[in-house]
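Next up, upload_3.pdb (PDB, C-alpha atoms):
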MODEL        1
ATOM      1  CA  MET R  26      -0.303   5.137  24.027
ATOM      2  CA  ASN R  27       0.523   2.465  21.461
ATOM      3  CA  ALA R  28       1.690  -0.886  22.702
ATOM      4  CA  THR R  29       5.321  -1.775  22.109
ATOM      5  CA  PRO R  30       5.515  -3.769  18.850
ATOM      6  CA  ALA R  31       6.374  -7.435  19.120
ATOM      7  CA  PRO R  32       9.839  -8.331  17.754
ATOM      8  CA  ASP R  33       8.431 -10.008  14.627
ATOM      9  CA  ASP R  34       5.582  -7.674  13.748
ATOM     10  CA  GLY R  35       7.585  -5.752  11.171
ATOM     11  CA  PHE R  36       7.361  -2.377  12.906
ATOM     12  CA  ALA R  37       9.815  -2.463  15.790
ATOM     13  CA  PRO R  38      12.982  -0.452  15.047
ATOM     14  CA  LEU R  39      16.140  -2.367  14.240
ATOM     15  CA  THR R  40      19.623  -1.414  15.393
ATOM     16  CA  LEU R  41      22.581  -2.748  13.419
ATOM     17  CA  THR R  42      26.284  -2.827  14.099
ATOM     18  CA  GLY R  43      27.127  -3.515  10.473
ATOM     19  CA  GLN R  44      25.619  -3.552   6.997
ATOM     20  CA  GLY R  45      27.106  -3.706   3.538
ATOM     21  CA  SER R  46      27.919  -5.878   0.560
ATOM     22  CA  PHE R  47      30.910  -7.541  -1.037
ATOM     23  CA  ALA R  48      31.939 -10.043  -3.710
ATOM     24  CA  VAL R  49      33.381 -13.490  -3.036
ATOM     25  CA  GLY R  50      34.879 -16.107  -5.299
ATOM     26  CA  GLY R  51      35.039 -15.600  -9.022
ATOM     27  CA  THR R  52      37.616 -15.715 -11.761
ATOM     28  CA  THR R  53      39.496 -13.227 -13.923
ATOM     29  CA  ARG R  54      39.863 -13.601 -17.664
ATOM     30  CA  THR R  55      42.709 -11.804 -19.464
ATOM     31  CA  THR R  56      43.160 -11.147 -23.181
ATOM     32  CA  PRO R  57      46.813 -11.572 -24.199
ATOM     33  CA  GLY R  58      48.739  -8.496 -25.217
ATOM     34  CA  ALA R  59      49.411  -5.046 -23.804
ATOM     35  CA  PHE R  60      46.735  -2.486 -22.974
ATOM     36  CA  ASP R  61      47.022   0.702 -25.027
ATOM     37  CA  PRO R  62      45.136   3.685 -23.553
ATOM     38  CA  ARG R  63      44.991   5.172 -27.042
ATOM     39  CA  ARG R  64      42.960   2.154 -28.192
ATOM     40  CA  PRO R  65      40.618   1.643 -25.224
ATOM     41  CA  THR R  66      38.209  -0.679 -27.049
ATOM     42  CA  ASP R  67      40.987  -3.079 -28.061
ATOM     43  CA  PRO R  68      40.676  -6.052 -25.643
ATOM     44  CA  ALA R  69      44.438  -6.745 -25.703
ATOM     45  CA  GLY R  70      45.851  -6.677 -22.189
ATOM     46  CA  GLN R  71      42.450  -6.117 -20.584
ATOM     47  CA  THR R  72      40.729  -8.188 -17.922
ATOM     48  CA  LEU R  73      37.216  -9.260 -17.012
ATOM     49  CA  HIS R  74      36.287 -10.045 -13.410
ATOM     50  CA  GLY R  75      33.325 -12.427 -13.270
ATOM     51  CA  ASP R  76      31.749 -15.608 -11.884
ATOM     52  CA  HIS R  77      31.692 -14.275  -8.308
ATOM     53  CA  ALA R  78      28.800 -14.103  -5.873
ATOM     54  CA  ARG R  79      27.533 -10.844  -4.394
ATOM     55  CA  VAL R  80      26.619 -10.842  -0.721
ATOM     56  CA  PHE R  81      24.489  -8.379   1.234
ATOM     57  CA  TYR R  82      24.904  -8.600   4.997
ATOM     58  CA  GLN R  83      23.393  -7.148   8.158
ATOM     59  CA  ILE R  84      24.734  -7.638  11.686
ATOM     60  CA  PRO R  85      22.431  -6.970  14.663
ATOM     61  CA  VAL R  86      23.422  -5.731  18.098
ATOM     62  CA  ASP R  87      24.553  -8.608  20.338
ATOM     63  CA  PRO R  88      24.579 -11.077  17.457
ATOM     64  CA  ARG R  89      24.215 -14.796  17.879
ATOM     65  CA  PRO R  90      27.468 -16.662  17.223
ATOM     66  CA  LEU R  91      26.439 -18.435  14.011
ATOM     67  CA  PRO R  92      25.217 -16.346  11.049
ATOM     68  CA  LEU R  93      22.704 -17.541   8.480
ATOM     69  CA  VAL R  94      23.600 -17.615   4.789
ATOM     70  CA  LEU R  95      20.504 -17.394   2.545
ATOM     71  CA  TRP R  96      20.833 -18.915  -0.932
ATOM     72  CA  HIS R  97      17.986 -18.335  -3.415
ATOM     73  CA  GLY R  98      16.536 -20.754  -5.955
ATOM     74  CA  TYR R  99      16.112 -20.859  -9.731
ATOM     75  CA  LYS R 100      14.939 -17.672 -11.459
ATOM     76  CA  GLN R 101      15.396 -15.880  -8.114
ATOM     77  CA  CYS R 102      17.965 -13.658  -6.455
ATOM     78  CA  GLY R 103      18.760 -12.433  -2.959
ATOM     79  CA  SER R 104      16.019  -9.814  -2.928
ATOM     80  CA  GLY R 105      13.472 -12.623  -2.590
ATOM     81  CA  TRP R 106      14.645 -13.138   0.972
ATOM     82  CA  GLY R 107      14.280  -9.448   1.831
ATOM     83  CA  SER R 108      10.539  -9.008   1.490
ATOM     84  CA  THR R 109       7.493 -10.901   0.294
ATOM     85  CA  PRO R 110       5.501 -10.125  -2.874
ATOM     86  CA  ASP R 111       2.857  -8.414  -0.732
ATOM     87  CA  GLY R 112       5.400  -6.302   1.151
ATOM     88  CA  ARG R 113       5.825  -8.158   4.449
ATOM     89  CA  GLU R 114       9.222  -8.830   5.926
ATOM     90  CA  GLY R 115      11.112 -11.803   4.562
ATOM     91  CA  PHE R 116      13.477 -14.207   6.279
ATOM     92  CA  GLN R 117      16.358 -11.762   5.882
ATOM     93  CA  THR R 118      14.755  -9.377   8.383
ATOM     94  CA  ILE R 119      12.792 -11.912  10.435
ATOM     95  CA  PHE R 120      15.974 -13.721  11.446
ATOM     96  CA  LEU R 121      17.855 -10.458  11.854
ATOM     97  CA  ARG R 122      15.221  -9.510  14.435
ATOM     98  CA  ARG R 123      15.924 -12.826  16.139
ATOM     99  CA  GLY R 124      19.560 -11.913  16.585
ATOM    100  CA  PHE R 125      21.200 -13.712  13.668
ATOM    101  CA  PRO R 126      23.743 -12.043  11.415
ATOM    102  CA  VAL R 127      22.323 -12.609   7.936
ATOM    103  CA  TYR R 128      24.280 -12.920   4.693
ATOM    104  CA  THR R 129      22.134 -12.963   1.542
ATOM    105  CA  LEU R 130      23.545 -14.264  -1.743
ATOM    106  CA  ASP R 131      23.158 -13.384  -5.357
ATOM    107  CA  GLN R 132      24.785 -16.490  -6.808
ATOM    108  CA  PRO R 133      27.287 -16.205  -9.685
ATOM    109  CA  ARG R 134      25.813 -15.221 -13.051
ATOM    110  CA  ARG R 135      22.583 -13.993 -11.512
ATOM    111  CA  ALA R 136      21.256 -10.488 -10.674
ATOM    112  CA  SER R 137      23.915  -8.247  -9.038
ATOM    113  CA  ALA R 138      26.479 -11.022  -9.639
ATOM    114  CA  GLY R 139      25.683 -11.092 -13.345
ATOM    115  CA  GLN R 140      29.219 -10.452 -14.605
ATOM    116  CA  THR R 141      30.179 -13.736 -16.284
ATOM    117  CA  THR R 142      33.214 -15.030 -18.148
ATOM    118  CA  GLN R 143      31.016 -17.335 -20.251
ATOM    119  CA  ALA R 144      28.062 -16.039 -22.203
ATOM    120  CA  ALA R 145      24.678 -17.708 -22.423
ATOM    121  CA  PRO R 146      21.467 -16.622 -24.162
ATOM    122  CA  VAL R 147      19.152 -14.740 -21.816
ATOM    123  CA  ASP R 148      15.898 -16.660 -21.459
ATOM    124  CA  THR R 149      13.006 -14.669 -22.931
ATOM    125  CA  ALA R 150      10.457 -17.477 -23.159
ATOM    126  CA  THR R 151       6.902 -16.792 -21.980
ATOM    127  CA  THR R 152       6.703 -19.185 -19.026
ATOM    128  CA  ASP R 153       4.892 -17.324 -16.213
ATOM    129  CA  GLN R 154       1.934 -19.697 -16.146
ATOM    130  CA  TRP R 155       4.199 -22.750 -16.129
ATOM    131  CA  PHE R 156       6.079 -21.365 -13.139
ATOM    132  CA  TYR R 157       2.794 -20.491 -11.413
ATOM    133  CA  ASN R 158       1.868 -24.182 -11.511
ATOM    134  CA  GLN R 159       5.431 -25.354 -10.843
ATOM    135  CA  PHE R 160       5.648 -23.209  -7.716
ATOM    136  CA  ARG R 161       2.288 -24.584  -6.518
ATOM    137  CA  PHE R 162       0.397 -21.328  -6.145
ATOM    138  CA  GLY R 163      -2.449 -23.232  -7.799
ATOM    139  CA  LEU R 164      -3.414 -24.427 -11.261
ATOM    140  CA  TRP R 165      -3.454 -21.358 -13.474
ATOM    141  CA  PRO R 166      -5.443 -19.180 -13.166
ATOM    142  CA  ASP R 167      -6.921 -20.672 -10.000
ATOM    143  CA  ARG R 168      -5.344 -20.764  -6.567
ATOM    144  CA  TYR R 169      -5.284 -23.790  -4.312
ATOM    145  CA  PRO R 170      -8.005 -23.514  -1.644
ATOM    146  CA  GLY R 171      -6.456 -22.355   1.603
ATOM    147  CA  GLY R 172      -3.205 -21.532  -0.174
ATOM    148  CA  GLN R 173      -0.661 -19.485   1.754
ATOM    149  CA  PHE R 174       0.904 -17.649  -1.194
ATOM    150  CA  PRO R 175      -0.096 -13.944  -0.952
ATOM    151  CA  PRO R 176      -3.393 -13.319  -2.769
ATOM    152  CA  GLY R 177      -4.226 -10.580  -5.244
ATOM    153  CA  ASP R 178      -3.099  -9.395  -8.651
ATOM    154  CA  GLU R 179      -0.532  -6.951  -7.278
ATOM    155  CA  ALA R 180       1.311  -9.603  -5.252
ATOM    156  CA  LEU R 181       1.429 -11.867  -8.293
ATOM    157  CA  GLU R 182       2.643  -8.982 -10.457
ATOM    158  CA  GLN R 183       5.428  -8.293  -7.968
ATOM    159  CA  PHE R 184       6.387 -11.953  -7.903
ATOM    160  CA  PHE R 185       6.600 -12.303 -11.670
ATOM    161  CA  ARG R 186       8.714  -9.140 -11.859
ATOM    162  CA  SER R 187      11.099 -10.500  -9.220
ATOM    163  CA  MET R 188      12.155 -13.363 -11.491
ATOM    164  CA  VAL R 189      15.600 -12.950 -13.028
ATOM    165  CA  PRO R 190      17.487 -14.817 -15.778
ATOM    166  CA  ASP R 191      20.967 -16.273 -15.751
ATOM    167  CA  THR R 192      23.652 -14.380 -17.643
ATOM    168  CA  GLY R 193      25.870 -17.441 -18.060
ATOM    169  CA  PRO R 194      25.780 -21.228 -17.745
ATOM    170  CA  ILE R 195      24.790 -22.734 -14.400
ATOM    171  CA  ASP R 196      27.997 -24.411 -13.234
ATOM    172  CA  ALA R 197      27.996 -26.346  -9.947
ATOM    173  CA  ASP R 198      31.711 -25.787  -9.365
ATOM    174  CA  VAL R 199      31.409 -22.033  -9.919
ATOM    175  CA  LEU R 200      28.428 -21.769  -7.560
ATOM    176  CA  THR R 201      29.832 -23.901  -4.760
ATOM    177  CA  ALA R 202      33.260 -22.254  -4.969
ATOM    178  CA  SER R 203      31.693 -18.879  -4.241
ATOM    179  CA  VAL R 204      29.814 -20.239  -1.223
ATOM    180  CA  GLU R 205      32.964 -21.924   0.061
ATOM    181  CA  ALA R 206      34.748 -18.581  -0.291
ATOM    182  CA  LEU R 207      31.971 -16.867   1.662
ATOM    183  CA  PHE R 208      32.258 -19.245   4.622
ATOM    184  CA  ASP R 209      36.057 -18.935   4.467
ATOM    185  CA  ARG R 210      35.568 -15.196   4.891
ATOM    186  CA  ILE R 211      32.847 -15.054   7.555
ATOM    187  CA  GLY R 212      33.634 -18.212   9.498
ATOM    188  CA  PRO R 213      31.221 -20.912  10.684
ATOM    189  CA  GLY R 214      27.507 -20.525   9.997
ATOM    190  CA  VAL R 215      24.296 -22.185   8.867
ATOM    191  CA  LEU R 216      23.397 -22.506   5.194
ATOM    192  CA  VAL R 217      19.744 -21.943   4.257
ATOM    193  CA  THR R 218      18.884 -23.014   0.708
ATOM    194  CA  HIS R 219      15.748 -22.761  -1.395
ATOM    195  CA  SER R 220      14.741 -24.990  -4.293
ATOM    196  CA  HIS R 221      17.449 -25.227  -6.978
ATOM    197  CA  ALA R 222      20.130 -24.210  -4.469
ATOM    198  CA  GLY R 223      19.412 -27.358  -2.456
ATOM    199  CA  GLY R 224      21.571 -29.718  -4.484
ATOM    200  CA  PHE R 225      24.388 -27.182  -4.737
ATOM    201  CA  GLY R 226      24.059 -26.753  -0.976
ATOM    202  CA  TRP R 227      24.873 -30.415  -0.385
ATOM    203  CA  LEU R 228      27.999 -29.999  -2.531
ATOM    204  CA  ALA R 229      29.027 -26.880  -0.623
ATOM    205  CA  ALA R 230      28.439 -28.589   2.730
ATOM    206  CA  MET R 231      30.636 -31.519   1.650
ATOM    207  CA  ARG R 232      33.430 -29.100   0.752
ATOM    208  CA  SER R 233      33.247 -26.353   3.373
ATOM    209  CA  PRO R 234      34.012 -27.096   7.037
ATOM    210  CA  GLY R 235      32.489 -23.729   7.892
ATOM    211  CA  ILE R 236      28.968 -24.976   7.167
ATOM    212  CA  ARG R 237      27.764 -26.214  10.567
ATOM    213  CA  GLY R 238      24.187 -27.026   9.550
ATOM    214  CA  VAL R 239      21.828 -26.895   6.567
ATOM    215  CA  VAL R 240      18.191 -25.819   6.368
ATOM    216  CA  ALA R 241      16.811 -26.789   2.950
ATOM    217  CA  LEU R 242      13.481 -25.344   1.808
ATOM    218  CA  GLU R 243      11.987 -27.578  -0.884
ATOM    219  CA  PRO R 244      15.212 -28.791  -2.534
ATOM    220  CA  GLY R 245      14.440 -29.676  -6.116
ATOM    221  CA  SER R 246      17.440 -31.556  -7.507
ATOM    222  CA  GLY R 247      20.996 -32.695  -6.951
ATOM    223  CA  PHE R 248      20.417 -35.249  -4.186
ATOM    224  CA  VAL R 249      23.772 -36.923  -3.539
ATOM    225  CA  PHE R 250      24.204 -40.567  -2.557
ATOM    226  CA  PRO R 251      27.261 -42.713  -1.866
ATOM    227  CA  GLU R 252      28.640 -44.673  -4.790
ATOM    228  CA  GLY R 253      26.850 -48.003  -5.007
ATOM    229  CA  GLU R 254      23.782 -46.692  -3.141
ATOM    230  CA  THR R 255      22.327 -44.379  -5.751
ATOM    231  CA  PRO R 256      18.601 -45.015  -6.299
ATOM    232  CA  ASP R 257      17.144 -45.512  -9.759
ATOM    233  CA  PRO R 258      15.999 -42.410 -11.664
ATOM    234  CA  MET R 259      12.414 -41.400 -10.931
ATOM    235  CA  ASP R 260       9.918 -40.629 -13.683
ATOM    236  CA  SER R 261       7.118 -38.071 -13.589
ATOM    237  CA  SER R 262       4.955 -36.241 -16.084
ATOM    238  CA  ALA R 263       7.466 -33.374 -15.691
ATOM    239  CA  GLY R 264      10.377 -35.589 -16.734
ATOM    240  CA  THR R 265      12.950 -37.819 -15.073
ATOM    241  CA  MET R 266      15.042 -36.933 -12.043
ATOM    242  CA  ALA R 267      18.290 -38.744 -11.293
ATOM    243  CA  ALA R 268      20.320 -38.789  -8.112
ATOM    244  CA  VAL R 269      24.014 -37.889  -8.029
ATOM    245  CA  SER R 270      26.682 -40.407  -7.047
ATOM    246  CA  VAL R 271      29.633 -39.242  -4.915
ATOM    247  CA  PRO R 272      32.456 -41.067  -3.104
ATOM    248  CA  LEU R 273      31.447 -42.355   0.330
ATOM    249  CA  ALA R 274      34.131 -40.266   2.025
ATOM    250  CA  GLU R 275      32.597 -37.099   0.589
ATOM    251  CA  PHE R 276      29.044 -38.145   1.414
ATOM    252  CA  GLU R 277      29.987 -38.883   5.018
ATOM    253  CA  ARG R 278      30.804 -35.210   5.541
ATOM    254  CA  LEU R 279      27.050 -34.608   5.407
ATOM    255  CA  THR R 280      26.638 -36.949   8.364
ATOM    256  CA  LYS R 281      28.645 -34.618  10.611
ATOM    257  CA  ILE R 282      26.154 -31.719  10.614
ATOM    258  CA  PRO R 283      22.435 -31.334  11.446
ATOM    259  CA  ILE R 284      20.209 -31.051   8.375
ATOM    260  CA  VAL R 285      16.489 -30.360   8.034
ATOM    261  CA  VAL R 286      14.441 -30.454   4.819
ATOM    262  CA  TYR R 287      11.001 -28.827   4.547
ATOM    263  CA  TYR R 288       8.271 -29.270   1.944
ATOM    264  CA  GLY R 289       4.903 -27.525   1.753
ATOM    265  CA  ASP R 290       1.436 -28.537   0.623
ATOM    266  CA  ASN R 291      -0.399 -29.761  -2.493
ATOM    267  CA  ILE R 292       2.209 -32.378  -3.342
ATOM    268  CA  PRO R 293       0.573 -35.566  -4.654
ATOM    269  CA  THR R 294       1.511 -39.041  -3.507
ATOM    270  CA  GLU R 295       0.265 -40.723  -6.702
ATOM    271  CA  PRO R 296       1.265 -39.957 -10.327
ATOM    272  CA  THR R 297      -0.654 -37.202 -12.099
ATOM    273  CA  ASP R 298      -0.522 -35.689 -15.578
ATOM    274  CA  ILE R 299      -0.278 -32.191 -14.041
ATOM    275  CA  ALA R 300       3.470 -31.714 -14.441
ATOM    276  CA  GLY R 301       3.689 -28.770 -12.055
ATOM    277  CA  ARG R 302       2.513 -31.049  -9.250
ATOM    278  CA  ASP R 303       3.955 -34.410 -10.297
ATOM    279  CA  ASN R 304       7.535 -33.169 -10.324
ATOM    280  CA  TRP R 305       7.235 -32.520  -6.571
ATOM    281  CA  ARG R 306       5.948 -36.025  -5.953
ATOM    282  CA  ILE R 307       9.252 -37.524  -7.089
ATOM    283  CA  ARG R 308      11.310 -34.819  -5.374
ATOM    284  CA  VAL R 309       9.758 -35.639  -2.015
ATOM    285  CA  ALA R 310      10.242 -39.339  -2.720
ATOM    286  CA  MET R 311      13.921 -38.745  -3.517
ATOM    287  CA  ALA R 312      14.331 -36.516  -0.459
ATOM    288  CA  ARG R 313      12.943 -39.308   1.709
ATOM    289  CA  LEU R 314      15.507 -41.773   0.329
ATOM    290  CA  TRP R 315      18.249 -39.184   0.747
ATOM    291  CA  VAL R 316      17.427 -38.462   4.398
ATOM    292  CA  ASP R 317      17.352 -42.208   5.053
ATOM    293  CA  ALA R 318      20.784 -42.575   3.443
ATOM    294  CA  VAL R 319      22.294 -39.794   5.553
ATOM    295  CA  ASN R 320      20.884 -41.273   8.750
ATOM    296  CA  ARG R 321      21.856 -44.828   7.770
ATOM    297  CA  HIS R 322      25.449 -43.614   7.690
ATOM    298  CA  GLY R 323      25.194 -42.097  11.155
ATOM    299  CA  GLY R 324      23.978 -38.618  10.236
ATOM    300  CA  ASP R 325      21.340 -36.296  11.653
ATOM    301  CA  ALA R 326      18.913 -35.424   8.854
ATOM    302  CA  ARG R 327      15.198 -34.766   9.136
ATOM    303  CA  LEU R 328      12.434 -34.512   6.546
ATOM    304  CA  VAL R 329       9.483 -32.315   7.540
ATOM    305  CA  LEU R 330       6.316 -32.434   5.443
ATOM    306  CA  LEU R 331       4.497 -29.395   6.764
ATOM    307  CA  PRO R 332       0.937 -30.713   6.275
ATOM    308  CA  GLU R 333       1.860 -33.702   8.442
ATOM    309  CA  ALA R 334       3.001 -31.203  11.082
ATOM    310  CA  GLY R 335      -0.384 -29.467  10.900
ATOM    311  CA  ILE R 336       0.815 -26.525   8.778
ATOM    312  CA  THR R 337      -1.221 -26.422   5.588
ATOM    313  CA  GLY R 338      -1.470 -24.477   2.348
ATOM    314  CA  ASN R 339       2.188 -23.660   1.786
ATOM    315  CA  SER R 340       3.483 -23.099  -1.730
ATOM    316  CA  HIS R 341       7.011 -23.723  -2.980
ATOM    317  CA  PHE R 342       7.951 -20.333  -1.516
ATOM    318  CA  LEU R 343       7.737 -21.112   2.196
ATOM    319  CA  HIS R 344       9.677 -17.958   3.083
ATOM    320  CA  ALA R 345       7.249 -15.710   1.154
ATOM    321  CA  ASP R 346       3.958 -17.309   2.158
ATOM    322  CA  LEU R 347       1.443 -15.636   4.457
ATOM    323  CA  ASN R 348       2.600 -17.822   7.342
ATOM    324  CA  ASN R 349       6.320 -17.215   6.874
ATOM    325  CA  LEU R 350       6.614 -16.242  10.549
ATOM    326  CA  GLU R 351       5.299 -19.680  11.477
ATOM    327  CA  ILE R 352       7.788 -21.315   9.111
ATOM    328  CA  ALA R 353      10.560 -19.187  10.617
ATOM    329  CA  GLY R 354       9.430 -20.438  14.021
ATOM    330  CA  GLN R 355       9.859 -24.029  12.876
ATOM    331  CA  ILE R 356      13.381 -23.243  11.691
ATOM    332  CA  SER R 357      14.228 -21.346  14.883
ATOM    333  CA  ALA R 358      13.146 -24.338  16.974
ATOM    334  CA  PHE R 359      15.401 -26.607  14.874
ATOM    335  CA  LEU R 360      18.365 -24.253  15.307
ATOM    336  CA  VAL R 361      17.857 -24.171  19.065
ATOM    337  CA  GLU R 362      17.481 -27.946  19.282
ATOM    338  CA  LYS R 363      20.712 -28.501  17.347
ATOM    339  CA  ASN R 364      22.713 -25.777  19.195
ATOM    340  CA  LEU R 365      22.997 -23.751  16.012
ATOM    341  CA  ASP R 366      21.516 -20.606  17.557
TER
ENDMDL
END

For this file, write the structure as structure tokens.
Amino acid sequence: MNATPAPDDGFAPLTLTGQGSFAVGGTTRTTPGAFDPRRPTDPAGQTLHGDHARVFYQIPVDPRPLPLVLWHGYKQCGSGWGSTPDGREGFQTIFLRRGFPVYTLDQPRRASAGQTTQAAPVDTATTDQWFYNQFRFGLWPDRYPGGQFPPGDEALEQFFRSMVPDTGPIDADVLTASVEALFDRIGPGVLVTHSHAGGFGWLAAMRSPGIRGVVALEPGSGFVFPEGETPDPMDSSAGTMAAVSVPLAEFERLTKIPIVVYYGDNIPTEPTDIAGRDNWRIRVAMARLWVDAVNRHGGDARLVLLPEAGITGNSHFLHADLNNLEIAGQISAFLVEKNLD
């Protein structure tokens, strides 16, 4: 007789009380005039619904009180939380198994939320190798020794084919408005961001009282500081990164919730001419200043550098790496500690 599968082994059956998808936020554009059914291609009087987010959700039996909202990073969409490039379960299902209702975003103007009221050229540049280095899988075509990103040509093929372009301009107000609308609809919960969503996540947390905590996986930009306390821009071989200044009253909203920030491995501490690595050096440096600023104002923020915690080899995609169950365990322990479970 086979042993009963462990809850996180990816084989135990799941029972749900709810599953589905919906749109939140967005705008509607209308062309003046009257619609004429005899001239259906005439835009007069017709509307366009766009700039919303699409949300896929799953609710387990006996759910924990606070759901998780998963917000993808740049060139990604919600499907990246569902499974890993080598076919293992992603955070969407791992945390579902742990009893959390999970809401997974496609942010406005991306993937299933691609309907936009403002056009933008679709990026067709050949940049796979740049992103390979940028995401710290290795230095193309080599992998970092002991790296946790799934090995093999097929996993890399799946990853590259999971990347998606924007259909319209990236607009912070459009993105955060949709996340605010989501928490207005579902009630209090915990926001989990990855990479480019990190900075937008701080904005959403400052605006939405429904966000009770933030878990940020390798935030890459948009660090907010109180006016008068903004650090100088930081230079790297990948370019310059500047912090964002906000009124103190807005910043102090971040001090009312628990926040944890995680970064993986192969991030240098000294400048290097390898841009795909050096850009993370300044991001970690800025994150350190940001966490200090939150805590200096009475907040509860924590920066976790995984190698210093004894967890090595992680790429930029902590939730897709071979040890994503271990990373999920770190997050689960944080949620329990902060009464967010």

Matched chain/residue IDs from the PyMOL selection byres ((chain R and resi 279) around 9), as a list in words: Trp227, Ala230, Met231, Glu275, Phe276, Glu277, Arg278, Thr280, Lys281, Ile282, Pro283, Ile284, Val319, Gly324, Asp325 and Ala326 of chain R

Output of the PyMOL selection byres ((chain R and resi 360-362) around 10), listed as a list of chain:residue names: R:Val215, R:Gly238, R:Val239, R:Val240, R:Pro283, R:Ile284, R:Val285, R:Gly354, R:Gln355, R:Ile356, R:Ser357, R:Ala358, R:Phe359, R:Lys363, R:Asn364, R:Leu365, R:Asp366

Please enumerate the residues selected by the PyMOL selection byres ((chain R and resi 174) around 10) when evaluated against the supplied file, formatted as JSON, numbers by chain. {"R": [109, 110, 111, 160, 161, 162, 163, 168, 169, 171, 172, 173, 175, 176, 177, 180, 181, 338, 339, 340, 341, 342, 343, 344, 345, 346, 347, 348, 349]}

Prev. selection, C-alpha atoms, output as a JSON list (two decimals), keeping the file's coordinate frame:
[["chain", "number", "residue", "atom", "x", "y", "z"],
["R", 109, "THR", "CA", 7.49, -10.90, 0.29],
["R", 110, "PRO", "CA", 5.50, -10.12, -2.87],
["R", 111, "ASP", "CA", 2.86, -8.41, -0.73],
["R", 160, "PHE", "CA", 5.65, -23.21, -7.72],
["R", 161, "ARG", "CA", 2.29, -24.58, -6.52],
["R", 162, "PHE", "CA", 0.40, -21.33, -6.14],
["R", 163, "GLY", "CA", -2.45, -23.23, -7.80],
["R", 168, "ARG", "CA", -5.34, -20.76, -6.57],
["R", 169, "TYR", "CA", -5.28, -23.79, -4.31],
["R", 171, "GLY", "CA", -6.46, -22.36, 1.60],
["R", 172, "GLY", "CA", -3.20, -21.53, -0.17],
["R", 173, "GLN", "CA", -0.66, -19.48, 1.75],
["R", 175, "PRO", "CA", -0.10, -13.94, -0.95],
["R", 176, "PRO", "CA", -3.39, -13.32, -2.77],
["R", 177, "GLY", "CA", -4.23, -10.58, -5.24],
["R", 180, "ALA", "CA", 1.31, -9.60, -5.25],
["R", 181, "LEU", "CA", 1.43, -11.87, -8.29],
["R", 338, "GLY", "CA", -1.47, -24.48, 2.35],
["R", 339, "ASN", "CA", 2.19, -23.66, 1.79],
["R", 340, "SER", "CA", 3.48, -23.10, -1.73],
["R", 341, "HIS", "CA", 7.01, -23.72, -2.98],
["R", 342, "PHE", "CA", 7.95, -20.33, -1.52],
["R", 343, "LEU", "CA", 7.74, -21.11, 2.20],
["R", 344, "HIS", "CA", 9.68, -17.96, 3.08],
["R", 345, "ALA", "CA", 7.25, -15.71, 1.15],
["R", 346, "ASP", "CA", 3.96, -17.31, 2.16],
["R", 347, "LEU", "CA", 1.44, -15.64, 4.46],
["R", 348, "ASN", "CA", 2.60, -17.82, 7.34],
["R", 349, "ASN", "CA", 6.32, -17.22, 6.87]]

When distances are computed from only C-alpha atoms, which of R:Asn291, R:Thr149, R:Thr255, R:Gln159 shows the smallest separation from Ala318 (chain R)?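 Distance minimum relative to Ala318 (chain R) lands on R:Thr255.
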
Show me as a PyMOL selection string the residues that reach within 10 Å of (26.9, -17.4, 19.6), counting all atoms listed in the file and using the file's own coordinates. chain R and resi 87-92+124-125+364-366

Compare R:Gly226, R:Pro272, R:Gly98, R:Pro57 by their minimum atom-to-atom distance to Gly253 (chain R), counting all atoms listed in the file, and give me the closest one.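 With all atoms listed in the file as the atom set, the closest residue is R:Pro272.
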
So the first atom is CA of Pro251 (chain R) and the second is CA of Leu273 (chain R); what is the distance between them in Å, to one decimal place? 4.7 Å

I'd like the interatomic distance between CA of Val147 (chain R) and CA of Asp191 (chain R), to a tenth of an Å.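 Distance reported for this atom pair: 6.5 Å.
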
Glu243 (chain R) surroundings by only C-alpha atoms, 7 Å radius, close-in-sequence under 3 positions cut, as a PDB file with C-alpha atoms, in the coordinates of the input:
ATOM      1  CA  HIS R 219      15.748 -22.761  -1.395  1.00  0.00           C
ATOM      2  CA  SER R 220      14.741 -24.990  -4.293  1.00  0.00           C
ATOM      3  CA  VAL R 286      14.441 -30.454   4.819  1.00  0.00           C
ATOM      4  CA  TYR R 287      11.001 -28.827   4.547  1.00  0.00           C
ATOM      5  CA  TYR R 288       8.271 -29.270   1.944  1.00  0.00           C
ATOM      6  CA  HIS R 341       7.011 -23.723  -2.980  1.00  0.00           C
TER       7      HIS R 341
END

Give me the residues near Pro166 (chain R) as a ChimeraX atom specification, where near means some atom within 10 Å (using only C-alpha atoms) and where sequence neighbours in that chain fewer than 6 positions away do not count. /R:154,157-158

Neighbourhood query: residues within 9 Å of (29.6, -23.0, 3.1), file coordinates, counting all atoms listed in the file; return as a list in words. Val94, Thr201, Ala202, Ser203, Val204, Glu205, Ala206, Leu207, Phe208, Asp209, Gly212, Pro213, Gly214, Val215, Leu216, Gly226, Ala229, Ala230, Met231, Arg232, Ser233, Pro234, Gly235, Ile236 and Arg237 of chain R

For Asp298 (chain R): contacts at 12 Å, all atoms listed in the file, fewer than 6 positions along chain excluded, given as a PyMOL selection string: chain R and resi 260-264+304+306

Residue subset to file, keeping C-alpha atoms, as a short mmCIF file (atom, residue, chain, number, x, y, z; two decimals), in the frame of the given file:
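part11.cif, freshly written:
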data_model
loop_
_atom_site.label_atom_id
_atom_site.label_comp_id
_atom_site.auth_asym_id
_atom_site.auth_seq_id
_atom_site.Cartn_x
_atom_site.Cartn_y
_atom_site.Cartn_z
CA ASP R 260 9.92 -40.63 -13.68
CA SER R 261 7.12 -38.07 -13.59
CA SER R 262 4.96 -36.24 -16.08
CA ALA R 263 7.47 -33.37 -15.69
CA GLY R 264 10.38 -35.59 -16.73
CA ASN R 304 7.54 -33.17 -10.32
CA ARG R 306 5.95 -36.02 -5.95
#
